[in-house]
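> Please find one structure pasted underneath; my questions will follow.
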Amino acid sequence: MLSLTKFRSSTSKFYSSLVTGVCLFLFYPLAKEAVLKLKAVLRRAAWKRRREVRSKEQVAEEVVKEILGEDFEGKWPIVYSPGYNITAFGLEKAHPFDSQKYGRVYNYLVEWGVISKEEKLLAPLICSRAYLYESCTFWHLAFLNYSIYIGKCVELPLFILPAWVLRWRALNPMLRATYGTICASFMAIQRGLAINLSGGYHHACCNQGGGFCIYPDITISINLLRRFCGIKRVMIIDLDAHQGNGHERDFLDDNDVYIIDCYRPDIYPGDHDVKRAISKELHVYPSDDDDSYLDKIRCIPQCIREFEPEFILYNAGTDIMAGDPLSGLNISENGVIERDELVINSAFDNNIPLCMVLSGGYQKCNAECIAKSIQNVFELLS
């Protein structure tokens with residue numbers, strides 16, 4: 001009888017501990033995210049109070065200094081951090097995306113003398129919740145505390161790893177890259193052109209991720225510019241091989257955002273529901289060579305003149321290159337360089353600030369191509 005009582009007692013303690021553990025696993029991350037959101041709300045309320053006692057210009061200047069730092073004018077218009085590169089104990093190699101191309105682009109630029117290691121580049125921190133909640137929903141950010149949701153967004157079986165490991169090895173680099181797009185966007189307003197050597201998560205929208213995209217850096221950056229810099233009319237030029245369904249979903253009914261999207265229509269994501277957000281839809285196919293591709297996008301200067309944007313965010317994916325395992329397209333390295341030159345020259349000819357982000361590109365050779373294109377741009381503008 002005594003042993004049976006002990007057994008029941010130990011069983012009761014076991015189930016009690018199990019229930020407690022499950023509750024902590026399920027609800028602690030939500031409670032933690034709720035606290036982070038509260039802090040973000042309080043910080044945004046502080047911004048609002050500042051605007052009540054100071055002019056818009058003063059508040060904008062303070063936010064620009066907060067984002068870019070006091071000495072941003074002495075820095076190159078290139079945003080990069082070694083923390084961009086993603087490693088997850090080799091699991092990242094299971095996805096075709098080259099998660100360390102950012103460092104390779106930077107190393108090529110240093111090797112070729114485009115920049116030197118002594119040059120001051122703006123190195124972004126991990127993006128704070130105050131900026132994320134400018135656009136993202138609570139549930140999207142809360143679910144990122146669970147491995148199974150992260151795995152769904154990046155399309156890898158990452159549920160075998162604890163969520164804290166994934167935040168450390170995958171989400172934090174993406175948060176840096178997201179803040180890098182914010183920094184590059186604000187720097188472009190000040191300098192005319194800025195390049196983030198990462199970013200362009202164009203499959204992510206405010207309430208969900210997908211296609212190896214977690215945070216909607218394009219949407220967040222545009223919303224922050226509108227709030228603090230008085231920007232209203234924005235153009236997104238998305239020349240990645242895949243449809244930019246994330247930012248298209250976010251700006252579905254916004255007539256002040258003009259989206260040019262040139263993509264291959266018969267591959268991922270095939271999101272027909274958001275196509276009505278595209279102002280100028282262009283298609284590229286495996287049969288296109290450099291000449292036919294460049295002919296298709298030569299309408300961009302005319303679109304800029306007609307819409308008259310105050311800011312351009314250029315999503316310069318290099319997955320259009322021949323040999324890419326996901327796009328199947330056949331544009332050469334020279335074609336990519338000419339494409340970037342056309343877009344950036346079109347912005348400069350019309351005195352419109354432009355932020356360039358790197359987006360997709362699934363081959364080792366993409367990094368060298370990107371670096372050559374950036375070198376070409378700075379040589380043209382020097």
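Ordering of the structure tokens sets the chain letters (A, B, ...); residue numbers start at 1 within each chain; ligands are numbered from 1 in the order shown.
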Determine, counting only C-alpha atoms, which protein, DNA and RNA residues have an atom within 9 Å of an atom of region 332-341 of chain A; residues of the same chain fewer than 3 positions away are not included. Present the result as number ranges by chain.
A: 239, 289-291, 293-294, 297, 316, 318, 320-322, 344-346, 366, 369-370, 372-374, 376-377, 380
> Leu329 (chain A): which residues within 9 Å, counting only C-alpha atoms, same-chain residues fewer than 4 positions away excluded, as a PyMOL selection string?
chain A and resi 241+264+284-289+319-325
> Take the residues that were just selected and, keeping N, CA, C and O atoms, output them as a compact mmCIF listing (two decimals), in the first residue's frame.

```
# COMPACT_ATOMS: atom_id res chain seq x y z
N ALA A 241 14.66 37.31 -59.79
CA ALA A 241 14.00 36.37 -60.71
C ALA A 241 12.63 35.94 -60.23
O ALA A 241 11.81 35.48 -61.02
N ARG A 264 10.24 35.70 -63.40
CA ARG A 264 9.79 34.54 -64.17
C ARG A 264 8.47 34.05 -63.56
O ARG A 264 8.43 33.64 -62.39
N VAL A 284 10.36 37.52 -67.48
CA VAL A 284 11.60 37.06 -68.06
C VAL A 284 11.57 35.53 -68.11
O VAL A 284 11.06 34.90 -67.17
N TYR A 285 12.11 34.97 -69.19
CA TYR A 285 12.03 33.53 -69.42
C TYR A 285 13.42 32.97 -69.74
O TYR A 285 14.33 33.74 -70.09
N PRO A 286 13.57 31.65 -69.65
CA PRO A 286 14.87 31.05 -69.99
C PRO A 286 15.32 31.36 -71.41
O PRO A 286 16.52 31.34 -71.71
N SER A 287 14.40 31.65 -72.28
CA SER A 287 14.75 31.97 -73.68
C SER A 287 15.35 33.37 -73.83
O SER A 287 15.91 33.70 -74.88
N ASP A 288 15.24 34.21 -72.80
CA ASP A 288 15.76 35.58 -72.89
C ASP A 288 17.28 35.59 -72.75
O ASP A 288 17.83 34.96 -71.84
N ASP A 289 17.93 36.35 -73.63
CA ASP A 289 19.36 36.61 -73.47
C ASP A 289 19.53 38.03 -72.95
O ASP A 289 18.55 38.71 -72.62
N ASP A 319 19.78 36.26 -59.11
CA ASP A 319 19.40 34.90 -59.48
C ASP A 319 18.90 34.81 -60.91
O ASP A 319 18.44 33.75 -61.34
N ILE A 320 18.99 35.91 -61.65
CA ILE A 320 18.68 35.86 -63.09
C ILE A 320 19.86 35.30 -63.89
O ILE A 320 19.72 35.03 -65.08
N MET A 321 21.01 35.12 -63.23
CA MET A 321 22.21 34.71 -63.94
C MET A 321 22.12 33.26 -64.43
O MET A 321 21.50 32.41 -63.79
N ALA A 322 22.75 33.01 -65.56
CA ALA A 322 22.79 31.66 -66.13
C ALA A 322 23.38 30.69 -65.11
O ALA A 322 24.37 31.00 -64.44
N GLY A 323 22.75 29.54 -65.01
CA GLY A 323 23.23 28.51 -64.09
C GLY A 323 22.54 28.50 -62.75
O GLY A 323 22.77 27.60 -61.94
N ASP A 324 21.70 29.49 -62.49
CA ASP A 324 21.02 29.53 -61.20
C ASP A 324 20.10 28.32 -61.07
O ASP A 324 19.28 28.06 -61.95
N PRO A 325 20.21 27.56 -59.97
CA PRO A 325 19.43 26.32 -59.85
C PRO A 325 17.94 26.52 -59.61
O PRO A 325 17.16 25.59 -59.84
```
> May I ask for the distance between CA of Ala277 (chain A) and CA of Ile237 (chain A), given in Å to one decimal place?
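Straight-line distance from CA of Ala277 (chain A) to CA of Ile237 (chain A) works out to 12.8 Å.
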> Excluding Met235 (chain A) and residues on its chain fewer than 3 positions from it, collect all residues at most 7 Å away from it, counting only C-alpha atoms, and give them as a ChimeraX atom specification.
/A:257-259,309,311-313
> How would the residues just picked look written out with N, CA, C and O atoms as an mmCIF file, in the first residue's frame?

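Output saved as out.cif:
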```cif
data_model
loop_
_atom_site.group_PDB
_atom_site.id
_atom_site.type_symbol
_atom_site.label_atom_id
_atom_site.label_comp_id
_atom_site.auth_asym_id
_atom_site.auth_seq_id
_atom_site.Cartn_x
_atom_site.Cartn_y
_atom_site.Cartn_z
ATOM 1 N N VAL A 257 2.654 53.889 -53.877
ATOM 2 C CA VAL A 257 3.780 52.971 -54.086
ATOM 3 C C VAL A 257 3.639 52.366 -55.474
ATOM 4 O O VAL A 257 2.629 51.731 -55.791
ATOM 5 N N TYR A 258 4.651 52.577 -56.292
ATOM 6 C CA TYR A 258 4.672 52.084 -57.672
ATOM 7 C C TYR A 258 5.660 50.920 -57.723
ATOM 8 O O TYR A 258 6.850 51.101 -57.443
ATOM 9 N N ILE A 259 5.177 49.744 -58.070
ATOM 10 C CA ILE A 259 6.024 48.544 -58.076
ATOM 11 C C ILE A 259 6.280 48.091 -59.502
ATOM 12 O O ILE A 259 5.335 47.823 -60.264
ATOM 13 N N PRO A 309 8.681 59.448 -58.360
ATOM 14 C CA PRO A 309 8.828 59.035 -56.954
ATOM 15 C C PRO A 309 9.806 59.936 -56.212
ATOM 16 O O PRO A 309 10.656 60.596 -56.823
ATOM 17 N N PHE A 311 11.564 58.473 -53.723
ATOM 18 C CA PHE A 311 12.558 57.509 -53.254
ATOM 19 C C PHE A 311 12.372 56.217 -54.035
ATOM 20 O O PHE A 311 11.251 55.829 -54.356
ATOM 21 N N ILE A 312 13.510 55.547 -54.341
ATOM 22 C CA ILE A 312 13.475 54.267 -55.049
ATOM 23 C C ILE A 312 14.182 53.211 -54.204
ATOM 24 O O ILE A 312 15.313 53.425 -53.748
ATOM 25 N N LEU A 313 13.522 52.086 -53.996
ATOM 26 C CA LEU A 313 14.175 50.938 -53.388
ATOM 27 C C LEU A 313 14.363 49.888 -54.477
ATOM 28 O O LEU A 313 13.397 49.389 -55.047
#
```
> Just the residues within 7 Å of Tyr215 (chain A), please, counting only C-alpha atoms, with nothing from its chain fewer than 4 positions along; format it as a PyMOL selection string.
chain A and resi 178+201+204+209
> Between A:Asp240, A:Glu155, A:Glu310, A:Asp254, which residue has the minimum interatomic distance to Ile214 (chain A), considering only C-alpha atoms?
A:Glu155
> Using DSSP on the backbone coordinates, identify the residues of region 24-241 of chain A assigned to strand (DSSP E); present them as a PyMOL selection string.
chain A and resi 78-79+193-196+234-238
> The selected residues should be written to file as a JSON list (two decimals), in the first residue's frame (atoms: all heavy atoms).

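The result, written out as out-v4.json:
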```json
[["chain", "number", "residue", "atom", "x", "y", "z"],
["A", 78, "ILE", "N", 28.00, 52.39, -48.26],
["A", 78, "ILE", "CA", 27.86, 50.93, -48.29],
["A", 78, "ILE", "C", 27.64, 50.46, -46.86],
["A", 78, "ILE", "O", 28.38, 50.85, -45.96],
["A", 78, "ILE", "CB", 29.10, 50.24, -48.89],
["A", 78, "ILE", "CG1", 29.24, 50.59, -50.38],
["A", 78, "ILE", "CG2", 29.03, 48.73, -48.71],
["A", 78, "ILE", "CD1", 30.48, 50.01, -51.04],
["A", 79, "VAL", "N", 26.62, 49.65, -46.67],
["A", 79, "VAL", "CA", 26.27, 49.16, -45.33],
["A", 79, "VAL", "C", 26.59, 47.67, -45.28],
["A", 79, "VAL", "O", 26.13, 46.89, -46.12],
["A", 79, "VAL", "CB", 24.78, 49.40, -45.02],
["A", 79, "VAL", "CG1", 24.44, 48.88, -43.63],
["A", 79, "VAL", "CG2", 24.45, 50.88, -45.13],
["A", 193, "LEU", "N", 22.60, 57.85, -52.92],
["A", 193, "LEU", "CA", 22.73, 56.42, -53.22],
["A", 193, "LEU", "C", 23.34, 55.72, -52.01],
["A", 193, "LEU", "O", 24.27, 56.23, -51.38],
["A", 193, "LEU", "CB", 23.64, 56.19, -54.43],
["A", 193, "LEU", "CG", 24.06, 54.74, -54.71],
["A", 193, "LEU", "CD1", 22.86, 53.92, -55.17],
["A", 193, "LEU", "CD2", 25.19, 54.67, -55.75],
["A", 194, "ALA", "N", 22.81, 54.56, -51.68],
["A", 194, "ALA", "CA", 23.41, 53.72, -50.65],
["A", 194, "ALA", "C", 23.09, 52.27, -50.98],
["A", 194, "ALA", "O", 22.05, 51.96, -51.56],
["A", 194, "ALA", "CB", 22.89, 54.08, -49.26],
["A", 195, "ILE", "N", 24.01, 51.38, -50.61],
["A", 195, "ILE", "CA", 23.88, 49.96, -50.94],
["A", 195, "ILE", "C", 24.02, 49.15, -49.66],
["A", 195, "ILE", "O", 25.01, 49.29, -48.93],
["A", 195, "ILE", "CB", 24.96, 49.52, -51.96],
["A", 195, "ILE", "CG1", 24.84, 50.34, -53.25],
["A", 195, "ILE", "CG2", 24.84, 48.03, -52.25],
["A", 195, "ILE", "CD1", 25.99, 50.14, -54.22],
["A", 196, "ASN", "N", 23.04, 48.32, -49.40],
["A", 196, "ASN", "CA", 23.14, 47.35, -48.31],
["A", 196, "ASN", "C", 23.62, 46.03, -48.90],
["A", 196, "ASN", "O", 22.98, 45.48, -49.80],
["A", 196, "ASN", "CB", 21.77, 47.17, -47.63],
["A", 196, "ASN", "CG", 21.83, 46.18, -46.48],
["A", 196, "ASN", "OD1", 22.90, 45.92, -45.91],
["A", 196, "ASN", "ND2", 20.69, 45.62, -46.12],
["A", 234, "VAL", "N", 6.77, 56.41, -53.41],
["A", 234, "VAL", "CA", 7.91, 55.49, -53.42],
["A", 234, "VAL", "C", 7.79, 54.53, -54.58],
["A", 234, "VAL", "O", 6.69, 54.06, -54.90],
["A", 234, "VAL", "CB", 7.97, 54.70, -52.09],
["A", 234, "VAL", "CG1", 9.08, 53.65, -52.14],
["A", 234, "VAL", "CG2", 8.18, 55.63, -50.91],
["A", 235, "MET", "N", 8.93, 54.22, -55.19],
["A", 235, "MET", "CA", 8.96, 53.21, -56.25],
["A", 235, "MET", "C", 9.82, 52.03, -55.78],
["A", 235, "MET", "O", 10.92, 52.22, -55.26],
["A", 235, "MET", "CB", 9.53, 53.79, -57.55],
["A", 235, "MET", "CG", 9.67, 52.75, -58.67],
["A", 235, "MET", "SD", 10.24, 53.48, -60.24],
["A", 235, "MET", "CE", 8.71, 54.21, -60.84],
["A", 236, "ILE", "N", 9.29, 50.83, -55.96],
["A", 236, "ILE", "CA", 10.06, 49.60, -55.72],
["A", 236, "ILE", "C", 10.36, 48.99, -57.08],
["A", 236, "ILE", "O", 9.44, 48.68, -57.85],
["A", 236, "ILE", "CB", 9.27, 48.60, -54.86],
["A", 236, "ILE", "CG1", 8.95, 49.20, -53.48],
["A", 236, "ILE", "CG2", 10.07, 47.30, -54.67],
["A", 236, "ILE", "CD1", 7.99, 48.35, -52.66],
["A", 237, "ILE", "N", 11.65, 48.84, -57.37],
["A", 237, "ILE", "CA", 12.07, 48.18, -58.61],
["A", 237, "ILE", "C", 12.62, 46.82, -58.22],
["A", 237, "ILE", "O", 13.71, 46.71, -57.66],
["A", 237, "ILE", "CB", 13.12, 49.01, -59.37],
["A", 237, "ILE", "CG1", 12.56, 50.39, -59.71],
["A", 237, "ILE", "CG2", 13.57, 48.28, -60.63],
["A", 237, "ILE", "CD1", 13.57, 51.32, -60.38],
["A", 238, "ASP", "N", 11.86, 45.78, -58.49],
["A", 238, "ASP", "CA", 12.22, 44.43, -58.07],
["A", 238, "ASP", "C", 12.62, 43.62, -59.30],
["A", 238, "ASP", "O", 11.76, 43.18, -60.07],
["A", 238, "ASP", "CB", 11.04, 43.78, -57.36],
["A", 238, "ASP", "CG", 11.44, 42.51, -56.60],
["A", 238, "ASP", "OD1", 12.45, 41.90, -56.97],
["A", 238, "ASP", "OD2", 10.72, 42.14, -55.65]]
```
> Measuring atom to atom with only C-alpha atoms, identify which of A:Asp217, A:Glu33, A:Glu248, A:Glu62 is nearest to Trp47 (chain A).
A:Glu62
> CA of Cys213 (chain A) to CA of Tyr131 (chain A): how many Å, to one decimal?
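Distance between the two atoms: 17.3 Å.
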> At what distance in Å, to one decimal, does CA of Leu158 (chain A) lie from CA of Cys205 (chain A)?
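Atom-to-atom, CA of Cys205 (chain A) to CA of Leu158 (chain A), that is 21.0 Å.
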> Counting only C-alpha atoms, which residue out of A:Pro124, A:Gly270, A:Pro173, A:Pro29 sits closest to Asn145 (chain A)?
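Nearest to Asn145 (chain A): A:Pro29.
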> Closest to Ser185 (chain A) among A:Pro77, A:Gly69, A:Gly211, A:Pro301, using only C-alpha atoms?
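Residue with the minimum atom-to-atom distance to Ser185 (chain A): A:Pro77.
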> Can you pull out every residue from region 46-253 of chain A that DSSP, working from the backbone, puts in helix (DSSP H, G or I), and format the result as a ChimeraX atom specification?
/A:46-53,56-68,72-74,82-84,91-94,101-111,129-132,138-143,147-154,158-160,163-191,217-228,245-250
> Point out the residue among A:Trp76, A:Gly361, A:Val41, A:Asp349 with the least atom-to-atom distance to Arg191 (chain A), counting only C-alpha atoms.
A:Trp76
